[in-house]
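> The following block contains the structure, expressed as structure tokens.
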Amino acid sequence: MRFTDKKIRYATATGIIALIVAVLALAAPHANEYVYRYAPQLVPRTGGILPLEPDALPATSILMVGDVMLDRDIYTTAQKNKNYAYPFELIDPFLKNFDAVIANLEGPITDATPVATPGGVLRFTFSKNFVPEIAKRFSAVSLANNHMLDFGKDGLTQTREALDAAGVSYFGDPQENEGVYTTTMRRGGITIGLVGYHNLRAQDTQGVIRAIQAVRDTTDYVIVYPHWGIEYRLEESKAQQQEARAFIDAGADLIMGSHPHVVEPLEIYNKGVIFYSLGNFVFDQYWSQETMRGMAVGLSLEKTKTGISQIFTLYPLLINGTGQPERADAKNAADILGRIAETATVPDAVREHIENGTITLAP
């Protein structure tokens, strides 16, 4: 009886093993399918990083600042101390928090001898010794401003060549050549179009609109950097407002103005955000409180199934007596944000958040 039981148990075990082998044999061609369809997805079949679903894409953070001027006192101090990183030293720890930093480059990079003087000659040239420092900190710069041709077309060519060699993207054209208004960059799965423009040479609103519409078709988000307005004026002009709204209507998501050298109001219009002027970032205009204040704007973008969410963080800046920007202390920050909140053209609910330095826009 025991022997019979053993035979039965042996036969049963053998049958089970045979069944398992058969199942595995049948499943083998579909093993990978099971792993990738049902198991935790750690490594894709093609190697590398798994493509993320639209609602799981990580946010990307971009910092936008105003005018960067590296001549006159800035150059003299850098040359004297043999330290071309010095303009950025106080702000460097802050810049490292962002995936990309964008600015207006307020002059050409050339090998010409500097001739600009405070209160005198207004022809800027930036030493090529600054180029490695620019490359370490800025992902893209606008060339669309009234000083980029201070050393003629040769100065513009030298600037582009220096930036190309350093791997810094640029956009906008001081001659208002429509074909070079734009560039794009990709961060966190989001393609961002950058459009540079200045209306101090010749107003070309329609050309910018065409550039916005063209880049809109191939990007997820469009930022326009216009160089415009009236210097040292604390509010936007009617012309600025008309152009900004036209750019938003054409498909721009965000307007980041420069040139007035002071911080101007912001506006939310037709789901677009307009910062009329960010003021100075690196500059030697020491004669007033307003020219020694600036604004940096952090933008967190996240792609979702319903669109792109936007979180703006406003960072008031102070520029010290050697042209270096740094984060404003609590008192100055509250004063700057309070004035922006008071003068902003926004819904009242948003105004309260501006005082705390944030604006959140859902898709």
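Here, A, B, ... name the chains of the structure tokens in the order displayed, residue numbers run from 1 inside each chain, and ligands are numbered from 1 in the same displayed order.
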Show which residues sit within 12 Å of Thr157 of chain A, as a list in words. Count only C-alpha atoms, and ignore same-chain residues fewer than 3 positions away.

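My reading of the contact set: Pro108, Ile109, Thr110, Asp111, Leu143, Met148, Leu149, Phe151, Gly152, Lys153, Asp154, Arg160, Glu161, Ala162, Leu163, Asp164, Asp173 and Pro174 of chain A.
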
> Show which residues sit within 9 Å of segment 114-123 of chain A, as number ranges by chain. Count only C-alpha atoms, and ignore same-chain residues fewer than 2 positions away.

A: 71-73, 75, 107, 111-112, 125-127, 147, 149-151, 284-285

> Write down as an MDAnalysis selection string the residues belonging to segment 198-337 of chain A that are assigned strand (DSSP E) by DSSP computed on the backbone.

chainID A and resid 198 221:227 254:256 266:269 272:275 280:282 293:304 307:319 325:327

> Once you have the residues from the selection above, write them out as a short mmCIF file (atom, residue, chain, number, x, y, z; two decimals), in the first residue's frame, restricted to C-alpha atoms.


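Dumped to result25.cif:
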data_model
loop_
_atom_site.label_atom_id
_atom_site.label_comp_id
_atom_site.auth_asym_id
_atom_site.auth_seq_id
_atom_site.Cartn_x
_atom_site.Cartn_y
_atom_site.Cartn_z
CA HIS A 198 13.62 95.53 -29.97
CA TYR A 221 5.57 77.33 -24.79
CA VAL A 222 6.64 80.69 -26.24
CA ILE A 223 8.58 83.43 -24.43
CA VAL A 224 9.12 86.86 -26.02
CA TYR A 225 11.97 89.11 -24.81
CA PRO A 226 11.17 92.61 -26.14
CA HIS A 227 13.61 95.49 -25.66
CA LEU A 254 5.01 85.03 -21.64
CA ILE A 255 6.52 88.48 -22.25
CA MET A 256 9.73 89.45 -20.40
CA LEU A 266 3.06 93.09 -14.74
CA GLU A 267 -0.18 92.14 -16.40
CA ILE A 268 -2.19 88.99 -17.00
CA TYR A 269 -3.96 89.21 -20.34
CA GLY A 272 -0.70 85.27 -21.04
CA VAL A 273 1.64 86.90 -18.52
CA ILE A 274 3.45 90.18 -19.24
CA PHE A 275 6.40 91.51 -17.24
CA ASN A 280 18.84 95.60 -14.41
CA PHE A 281 20.66 92.39 -13.54
CA VAL A 282 24.37 93.27 -13.88
CA ARG A 293 16.81 97.13 -8.04
CA GLY A 294 15.85 94.34 -10.38
CA MET A 295 13.55 91.37 -10.70
CA ALA A 296 14.32 87.76 -11.51
CA VAL A 297 11.38 85.56 -12.42
CA GLY A 298 11.45 81.83 -11.84
CA LEU A 299 9.10 79.77 -13.97
CA SER A 300 8.19 76.16 -13.26
CA LEU A 301 6.56 74.45 -16.23
CA GLU A 302 4.92 71.05 -16.04
CA LYS A 303 3.25 69.25 -18.91
CA THR A 304 0.00 67.52 -17.98
CA GLY A 307 -1.90 71.40 -20.93
CA ILE A 308 1.04 73.12 -19.26
CA SER A 309 0.81 74.39 -15.70
CA GLN A 310 2.81 77.52 -14.84
CA ILE A 311 4.12 78.61 -11.47
CA PHE A 312 5.87 81.97 -11.36
CA THR A 313 8.08 82.96 -8.46
CA LEU A 314 9.18 86.58 -8.22
CA TYR A 315 12.65 87.20 -6.80
CA PRO A 316 13.43 90.86 -6.02
CA LEU A 317 17.09 91.74 -6.50
CA LEU A 318 19.46 94.42 -5.28
CA ILE A 319 22.54 95.55 -7.21
CA PRO A 325 23.17 91.40 -8.18
CA GLU A 326 22.01 89.54 -5.08
CA ARG A 327 18.70 88.49 -3.56
#

> What parts of segment 86-129 of chain A does DSSP call alpha helix (DSSP H)? I'd like the answer as a list in words.

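Answer for segment 86-129 of chain A, restricted to alpha helix (DSSP H): Asp92, Pro93, Phe94 and Leu95 of chain A.
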
> Please produce a file of the residues just selected, as an mmCIF file, in the first residue's frame, where the atoms kept are C-alpha atoms.


data_model
loop_
_atom_site.group_PDB
_atom_site.id
_atom_site.type_symbol
_atom_site.label_atom_id
_atom_site.label_comp_id
_atom_site.auth_asym_id
_atom_site.auth_seq_id
_atom_site.Cartn_x
_atom_site.Cartn_y
_atom_site.Cartn_z
ATOM 1 C CA ASP A 92 25.783 82.162 -8.215
ATOM 2 C CA PRO A 93 24.346 79.894 -5.484
ATOM 3 C CA PHE A 94 20.869 81.051 -6.487
ATOM 4 C CA LEU A 95 21.383 80.539 -10.232
#

> Please compute the atom CA of Val195 of chain A-atom CA of Arg233 of chain A distance, one decimal, in Å.

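Separating atom CA of Val195 of chain A from atom CA of Arg233 of chain A is a distance of 23.9 Å.
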
> Using only C-alpha atoms, which residues sit within 12 Å of Leu234 of chain A once same-chain residues fewer than 4 positions away are excluded, as a list of chain:residue names?

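Here the qualifying residues turn out to be A:Gly229, A:Ile230, A:His259, A:Pro260, A:His261, A:Val262, A:Val263, A:Glu264, A:Pro265, A:Leu266, A:Tyr276, A:Ser277, A:Leu278, A:Gly279, A:Gln289, A:Glu290, A:Thr291, A:Arg293, A:Gly294, A:Ile336, A:Arg339, A:Ile340, A:Thr343, A:Ala344.
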
> Based on the selection just made, write N, CA and C atoms of those residues as a PDB file, in the first residue's frame.


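Okay, result.pdb is ready:
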ATOM      1  N   GLY A 229      10.156 100.364 -24.485  1.00  0.00           N
ATOM      2  CA  GLY A 229       9.745 101.235 -23.400  1.00  0.00           C
ATOM      3  C   GLY A 229      10.605 102.477 -23.236  1.00  0.00           C
ATOM      4  N   ILE A 230      10.364 103.168 -22.126  1.00  0.00           N
ATOM      5  CA  ILE A 230      11.024 104.437 -21.838  1.00  0.00           C
ATOM      6  C   ILE A 230      11.952 104.243 -20.645  1.00  0.00           C
ATOM      7  N   HIS A 259      15.086  96.999 -21.043  1.00  0.00           N
ATOM      8  CA  HIS A 259      15.512  98.308 -21.542  1.00  0.00           C
ATOM      9  C   HIS A 259      15.249  99.464 -20.579  1.00  0.00           C
ATOM     10  N   PRO A 260      14.099  99.543 -19.869  1.00  0.00           N
ATOM     11  CA  PRO A 260      13.886 100.713 -19.012  1.00  0.00           C
ATOM     12  C   PRO A 260      14.858 100.826 -17.830  1.00  0.00           C
ATOM     13  N   HIS A 261      15.569  99.750 -17.481  1.00  0.00           N
ATOM     14  CA  HIS A 261      16.551  99.742 -16.387  1.00  0.00           C
ATOM     15  C   HIS A 261      15.912  99.873 -15.011  1.00  0.00           C
ATOM     16  N   VAL A 262      14.604  99.768 -14.949  1.00  0.00           N
ATOM     17  CA  VAL A 262      13.873  99.743 -13.683  1.00  0.00           C
ATOM     18  C   VAL A 262      12.785  98.679 -13.811  1.00  0.00           C
ATOM     19  N   VAL A 263      12.270  98.243 -12.679  1.00  0.00           N
ATOM     20  CA  VAL A 263      11.203  97.240 -12.685  1.00  0.00           C
ATOM     21  C   VAL A 263       9.873  97.928 -12.980  1.00  0.00           C
ATOM     22  N   GLU A 264       9.167  97.420 -13.976  1.00  0.00           N
ATOM     23  CA  GLU A 264       7.852  97.948 -14.329  1.00  0.00           C
ATOM     24  C   GLU A 264       6.771  96.930 -13.962  1.00  0.00           C
ATOM     25  N   PRO A 265       5.489  97.317 -14.048  1.00  0.00           N
ATOM     26  CA  PRO A 265       4.393  96.440 -13.622  1.00  0.00           C
ATOM     27  C   PRO A 265       4.277  95.165 -14.450  1.00  0.00           C
ATOM     28  N   LEU A 266       3.390  94.300 -13.992  1.00  0.00           N
ATOM     29  CA  LEU A 266       3.063  93.088 -14.741  1.00  0.00           C
ATOM     30  C   LEU A 266       1.579  93.082 -15.039  1.00  0.00           C
ATOM     31  N   TYR A 276       6.542  93.854 -17.883  1.00  0.00           N
ATOM     32  CA  TYR A 276       6.913  94.932 -18.803  1.00  0.00           C
ATOM     33  C   TYR A 276       8.393  95.284 -18.741  1.00  0.00           C
ATOM     34  N   SER A 277       9.016  95.153 -17.584  1.00  0.00           N
ATOM     35  CA  SER A 277      10.469  95.330 -17.493  1.00  0.00           C
ATOM     36  C   SER A 277      10.980  94.662 -16.228  1.00  0.00           C
ATOM     37  N   LEU A 278      12.043  93.869 -16.389  1.00  0.00           N
ATOM     38  CA  LEU A 278      12.677  93.207 -15.246  1.00  0.00           C
ATOM     39  C   LEU A 278      13.746  94.085 -14.606  1.00  0.00           C
ATOM     40  N   GLY A 279      14.049  95.219 -15.225  1.00  0.00           N
ATOM     41  CA  GLY A 279      15.095  96.077 -14.685  1.00  0.00           C
ATOM     42  C   GLY A 279      16.480  95.516 -14.958  1.00  0.00           C
ATOM     43  N   GLN A 289      17.883 104.403  -6.455  1.00  0.00           N
ATOM     44  CA  GLN A 289      17.424 103.156  -5.849  1.00  0.00           C
ATOM     45  C   GLN A 289      16.798 102.242  -6.893  1.00  0.00           C
ATOM     46  N   GLU A 290      16.038 102.817  -7.813  1.00  0.00           N
ATOM     47  CA  GLU A 290      15.298 101.998  -8.769  1.00  0.00           C
ATOM     48  C   GLU A 290      16.210 101.329  -9.791  1.00  0.00           C
ATOM     49  N   THR A 291      17.299 101.999 -10.193  1.00  0.00           N
ATOM     50  CA  THR A 291      18.217 101.365 -11.142  1.00  0.00           C
ATOM     51  C   THR A 291      19.097 100.319 -10.457  1.00  0.00           C
ATOM     52  N   ARG A 293      17.748  98.206  -8.354  1.00  0.00           N
ATOM     53  CA  ARG A 293      16.810  97.132  -8.042  1.00  0.00           C
ATOM     54  C   ARG A 293      16.481  96.394  -9.338  1.00  0.00           C
ATOM     55  N   GLY A 294      16.239  95.125  -9.224  1.00  0.00           N
ATOM     56  CA  GLY A 294      15.849  94.341 -10.385  1.00  0.00           C
ATOM     57  C   GLY A 294      14.887  93.244  -9.971  1.00  0.00           C
ATOM     58  N   ILE A 336       9.461  96.026  -3.001  1.00  0.00           N
ATOM     59  CA  ILE A 336       9.397  95.803  -4.451  1.00  0.00           C
ATOM     60  C   ILE A 336       8.139  95.024  -4.825  1.00  0.00           C
ATOM     61  N   ARG A 339       4.922  97.131  -4.465  1.00  0.00           N
ATOM     62  CA  ARG A 339       4.678  98.068  -5.564  1.00  0.00           C
ATOM     63  C   ARG A 339       4.191  97.337  -6.809  1.00  0.00           C
ATOM     64  N   ILE A 340       4.771  96.157  -7.079  1.00  0.00           N
ATOM     65  CA  ILE A 340       4.334  95.386  -8.247  1.00  0.00           C
ATOM     66  C   ILE A 340       2.884  94.943  -8.080  1.00  0.00           C
ATOM     67  N   THR A 343       0.486  97.920  -8.642  1.00  0.00           N
ATOM     68  CA  THR A 343       0.379  98.469 -10.002  1.00  0.00           C
ATOM     69  C   THR A 343       0.015  97.425 -11.051  1.00  0.00           C
ATOM     70  N   ALA A 344      -0.054  96.159 -10.673  1.00  0.00           N
ATOM     71  CA  ALA A 344      -0.306  95.088 -11.642  1.00  0.00           C
ATOM     72  C   ALA A 344      -1.724  95.148 -12.189  1.00  0.00           C
TER      73      ALA A 344
END

> Measuring between only C-alpha atoms, which one of A:Met185, A:Ala202, A:Ala239, A:Ile91 shows the shortest distance to Thr218 of chain A?

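Between A:Met185, A:Ala202, A:Ala239, A:Ile91, the residue approaching Thr218 of chain A most closely is A:Met185.
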
> Any idea what the distance is between atom CA of Lys82 of chain A and atom CA of Pro132 of chain A?

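That distance, rounded to one decimal, is 13.7 Å.
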
> Which residue gives the smallest distance to Asp67 of chain A among A:Ala103, A:Thr306, A:Glu89, A:Ile190, with only C-alpha atoms counted?

A:Ala103

> Which residues come within 9 Å of Ala140 of chain A, counting only C-alpha atoms, excluding same-chain residues fewer than 4 positions away, as a list in words?

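Once the adjacent positions are removed, what remains is Ala100, Val101, Ile102, Ala103, Asn104, Ala135, Val168, Ser169, Tyr170, Phe171, Thr183, Met185 and Leu194 of chain A.
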
> Go ahead and write the residues just picked, N, CA and C atoms, as a short mmCIF file (atom, residue, chain, number, x, y, z; two decimals), in the first residue's frame.


data_model
loop_
_atom_site.label_atom_id
_atom_site.label_comp_id
_atom_site.auth_asym_id
_atom_site.auth_seq_id
_atom_site.Cartn_x
_atom_site.Cartn_y
_atom_site.Cartn_z
N ALA A 100 17.60 76.29 -16.48
CA ALA A 100 18.04 77.21 -17.54
C ALA A 100 17.92 78.64 -17.02
N VAL A 101 18.84 79.50 -17.48
CA VAL A 101 18.81 80.92 -17.13
C VAL A 101 18.88 81.72 -18.42
N ILE A 102 18.01 82.72 -18.55
CA ILE A 102 17.91 83.53 -19.76
C ILE A 102 18.06 85.00 -19.39
N ALA A 103 18.76 85.77 -20.24
CA ALA A 103 18.99 87.19 -19.96
C ALA A 103 19.04 87.99 -21.26
N ASN A 104 19.00 89.31 -21.12
CA ASN A 104 19.29 90.21 -22.23
C ASN A 104 20.75 90.60 -22.15
N ALA A 135 28.94 81.48 -20.25
CA ALA A 135 28.56 80.11 -20.61
C ALA A 135 28.25 79.26 -19.38
N VAL A 168 26.44 78.76 -26.00
CA VAL A 168 25.34 79.55 -25.46
C VAL A 168 24.37 79.88 -26.60
N SER A 169 23.11 79.56 -26.43
CA SER A 169 22.11 79.89 -27.45
C SER A 169 21.82 81.39 -27.43
N TYR A 170 21.40 81.91 -28.56
CA TYR A 170 21.01 83.32 -28.62
C TYR A 170 19.82 83.47 -29.55
N PHE A 171 19.12 84.57 -29.38
CA PHE A 171 17.93 84.81 -30.18
C PHE A 171 17.74 86.32 -30.32
N THR A 183 14.85 81.15 -31.34
CA THR A 183 15.55 79.88 -31.14
C THR A 183 14.65 79.03 -30.25
N MET A 185 14.64 75.76 -27.11
CA MET A 185 15.37 74.88 -26.22
C MET A 185 14.37 73.91 -25.61
N LEU A 194 11.91 80.87 -27.99
CA LEU A 194 12.38 82.17 -27.50
C LEU A 194 12.40 83.15 -28.67
#

> Near Asp204 of chain A, counting only C-alpha atoms, which residues have an atom at most 12 Å away, once you skip same-chain residues fewer than 2 positions from it, shown as a list in words?

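The filter keeps Asp173, Pro174, Gln175, Glu176, Asn177, Glu178, Tyr181, Gly196, Tyr197, His198, Asn199, Leu200, Arg201, Ala202, Gln206, Gly207, Val208, Ile209, Arg210, Ala211, Pro226, Trp228, Glu243, Ala246 and Phe247 of chain A.
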
> Could you save the residues just selected, with N, CA and C atoms, as a PDB file, in the first residue's frame?


ATOM      1  N   ASP A 173      17.561  89.813 -33.101  1.00  0.00           N
ATOM      2  CA  ASP A 173      18.520  90.431 -34.014  1.00  0.00           C
ATOM      3  C   ASP A 173      18.419  91.943 -33.898  1.00  0.00           C
ATOM      4  N   PRO A 174      19.538  92.629 -33.644  1.00  0.00           N
ATOM      5  CA  PRO A 174      19.479  94.085 -33.492  1.00  0.00           C
ATOM      6  C   PRO A 174      19.134  94.819 -34.773  1.00  0.00           C
ATOM      7  N   GLN A 175      19.297  94.145 -35.911  1.00  0.00           N
ATOM      8  CA  GLN A 175      18.949  94.758 -37.195  1.00  0.00           C
ATOM      9  C   GLN A 175      17.513  94.443 -37.595  1.00  0.00           C
ATOM     10  N   GLU A 176      16.808  93.736 -36.721  1.00  0.00           N
ATOM     11  CA  GLU A 176      15.424  93.352 -36.963  1.00  0.00           C
ATOM     12  C   GLU A 176      15.268  92.491 -38.205  1.00  0.00           C
ATOM     13  N   ASN A 177      16.245  91.600 -38.428  1.00  0.00           N
ATOM     14  CA  ASN A 177      16.109  90.617 -39.497  1.00  0.00           C
ATOM     15  C   ASN A 177      15.191  89.511 -39.002  1.00  0.00           C
ATOM     16  N   GLU A 178      14.053  89.412 -39.608  1.00  0.00           N
ATOM     17  CA  GLU A 178      12.990  88.555 -39.111  1.00  0.00           C
ATOM     18  C   GLU A 178      13.398  87.088 -39.009  1.00  0.00           C
ATOM     19  N   TYR A 181      14.885  85.943 -35.450  1.00  0.00           N
ATOM     20  CA  TYR A 181      14.229  86.365 -34.219  1.00  0.00           C
ATOM     21  C   TYR A 181      14.245  85.273 -33.143  1.00  0.00           C
ATOM     22  N   GLY A 196      13.275  87.167 -29.679  1.00  0.00           N
ATOM     23  CA  GLY A 196      13.878  88.432 -29.269  1.00  0.00           C
ATOM     24  C   GLY A 196      13.497  89.555 -30.216  1.00  0.00           C
ATOM     25  N   TYR A 197      13.290  90.752 -29.652  1.00  0.00           N
ATOM     26  CA  TYR A 197      12.812  91.871 -30.472  1.00  0.00           C
ATOM     27  C   TYR A 197      13.146  93.187 -29.784  1.00  0.00           C
ATOM     28  N   HIS A 198      13.566  94.182 -30.542  1.00  0.00           N
ATOM     29  CA  HIS A 198      13.622  95.529 -29.970  1.00  0.00           C
ATOM     30  C   HIS A 198      13.033  96.531 -30.940  1.00  0.00           C
ATOM     31  N   ASN A 199      12.224  97.431 -30.390  1.00  0.00           N
ATOM     32  CA  ASN A 199      11.531  98.393 -31.249  1.00  0.00           C
ATOM     33  C   ASN A 199      12.158  99.774 -31.169  1.00  0.00           C
ATOM     34  N   LEU A 200      13.413  99.834 -30.704  1.00  0.00           N
ATOM     35  CA  LEU A 200      14.074 101.128 -30.576  1.00  0.00           C
ATOM     36  C   LEU A 200      14.719 101.552 -31.893  1.00  0.00           C
ATOM     37  N   ARG A 201      14.920 100.593 -32.775  1.00  0.00           N
ATOM     38  CA  ARG A 201      15.497 100.892 -34.099  1.00  0.00           C
ATOM     39  C   ARG A 201      14.386 101.110 -35.114  1.00  0.00           C
ATOM     40  N   ALA A 202      13.472 100.175 -35.160  1.00  0.00           N
ATOM     41  CA  ALA A 202      12.313 100.281 -36.049  1.00  0.00           C
ATOM     42  C   ALA A 202      11.249  99.330 -35.524  1.00  0.00           C
ATOM     43  N   GLN A 206       4.437  93.398 -36.644  1.00  0.00           N
ATOM     44  CA  GLN A 206       3.922  92.328 -37.495  1.00  0.00           C
ATOM     45  C   GLN A 206       4.982  91.257 -37.750  1.00  0.00           C
ATOM     46  N   GLY A 207       6.241  91.675 -37.873  1.00  0.00           N
ATOM     47  CA  GLY A 207       7.306  90.692 -38.041  1.00  0.00           C
ATOM     48  C   GLY A 207       7.441  89.794 -36.829  1.00  0.00           C
ATOM     49  N   VAL A 208       7.301  90.369 -35.638  1.00  0.00           N
ATOM     50  CA  VAL A 208       7.365  89.570 -34.412  1.00  0.00           C
ATOM     51  C   VAL A 208       6.167  88.636 -34.332  1.00  0.00           C
ATOM     52  N   ILE A 209       5.018  89.130 -34.705  1.00  0.00           N
ATOM     53  CA  ILE A 209       3.819  88.289 -34.698  1.00  0.00           C
ATOM     54  C   ILE A 209       4.017  87.081 -35.612  1.00  0.00           C
ATOM     55  N   ARG A 210       4.580  87.302 -36.781  1.00  0.00           N
ATOM     56  CA  ARG A 210       4.839  86.173 -37.686  1.00  0.00           C
ATOM     57  C   ARG A 210       5.841  85.195 -37.066  1.00  0.00           C
ATOM     58  N   ALA A 211       6.858  85.730 -36.393  1.00  0.00           N
ATOM     59  CA  ALA A 211       7.848  84.863 -35.748  1.00  0.00           C
ATOM     60  C   ALA A 211       7.214  84.048 -34.628  1.00  0.00           C
ATOM     61  N   PRO A 226      11.103  91.344 -25.409  1.00  0.00           N
ATOM     62  CA  PRO A 226      11.168  92.610 -26.138  1.00  0.00           C
ATOM     63  C   PRO A 226      12.046  93.636 -25.415  1.00  0.00           C
ATOM     64  N   TRP A 228      12.285  97.457 -25.107  1.00  0.00           N
ATOM     65  CA  TRP A 228      11.308  98.482 -25.455  1.00  0.00           C
ATOM     66  C   TRP A 228      11.120  99.459 -24.313  1.00  0.00           C
ATOM     67  N   GLU A 243       1.635  96.366 -27.892  1.00  0.00           N
ATOM     68  CA  GLU A 243       2.466  95.327 -28.499  1.00  0.00           C
ATOM     69  C   GLU A 243       2.391  94.034 -27.701  1.00  0.00           C
ATOM     70  N   ALA A 246      -0.743  92.225 -28.371  1.00  0.00           N
ATOM     71  CA  ALA A 246      -0.723  91.662 -29.728  1.00  0.00           C
ATOM     72  C   ALA A 246       0.119  90.394 -29.774  1.00  0.00           C
ATOM     73  N   PHE A 247       1.222  90.377 -29.034  1.00  0.00           N
ATOM     74  CA  PHE A 247       2.081  89.191 -29.003  1.00  0.00           C
ATOM     75  C   PHE A 247       1.368  88.020 -28.318  1.00  0.00           C
TER      76      PHE A 247
END

> Using only C-alpha atoms for the distances, tell me which of A:Ala250, A:Ala166, A:Leu90, A:Val141 is nearest to Leu63 of chain A.

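Closest residue, counting only C-alpha atoms: A:Val141.
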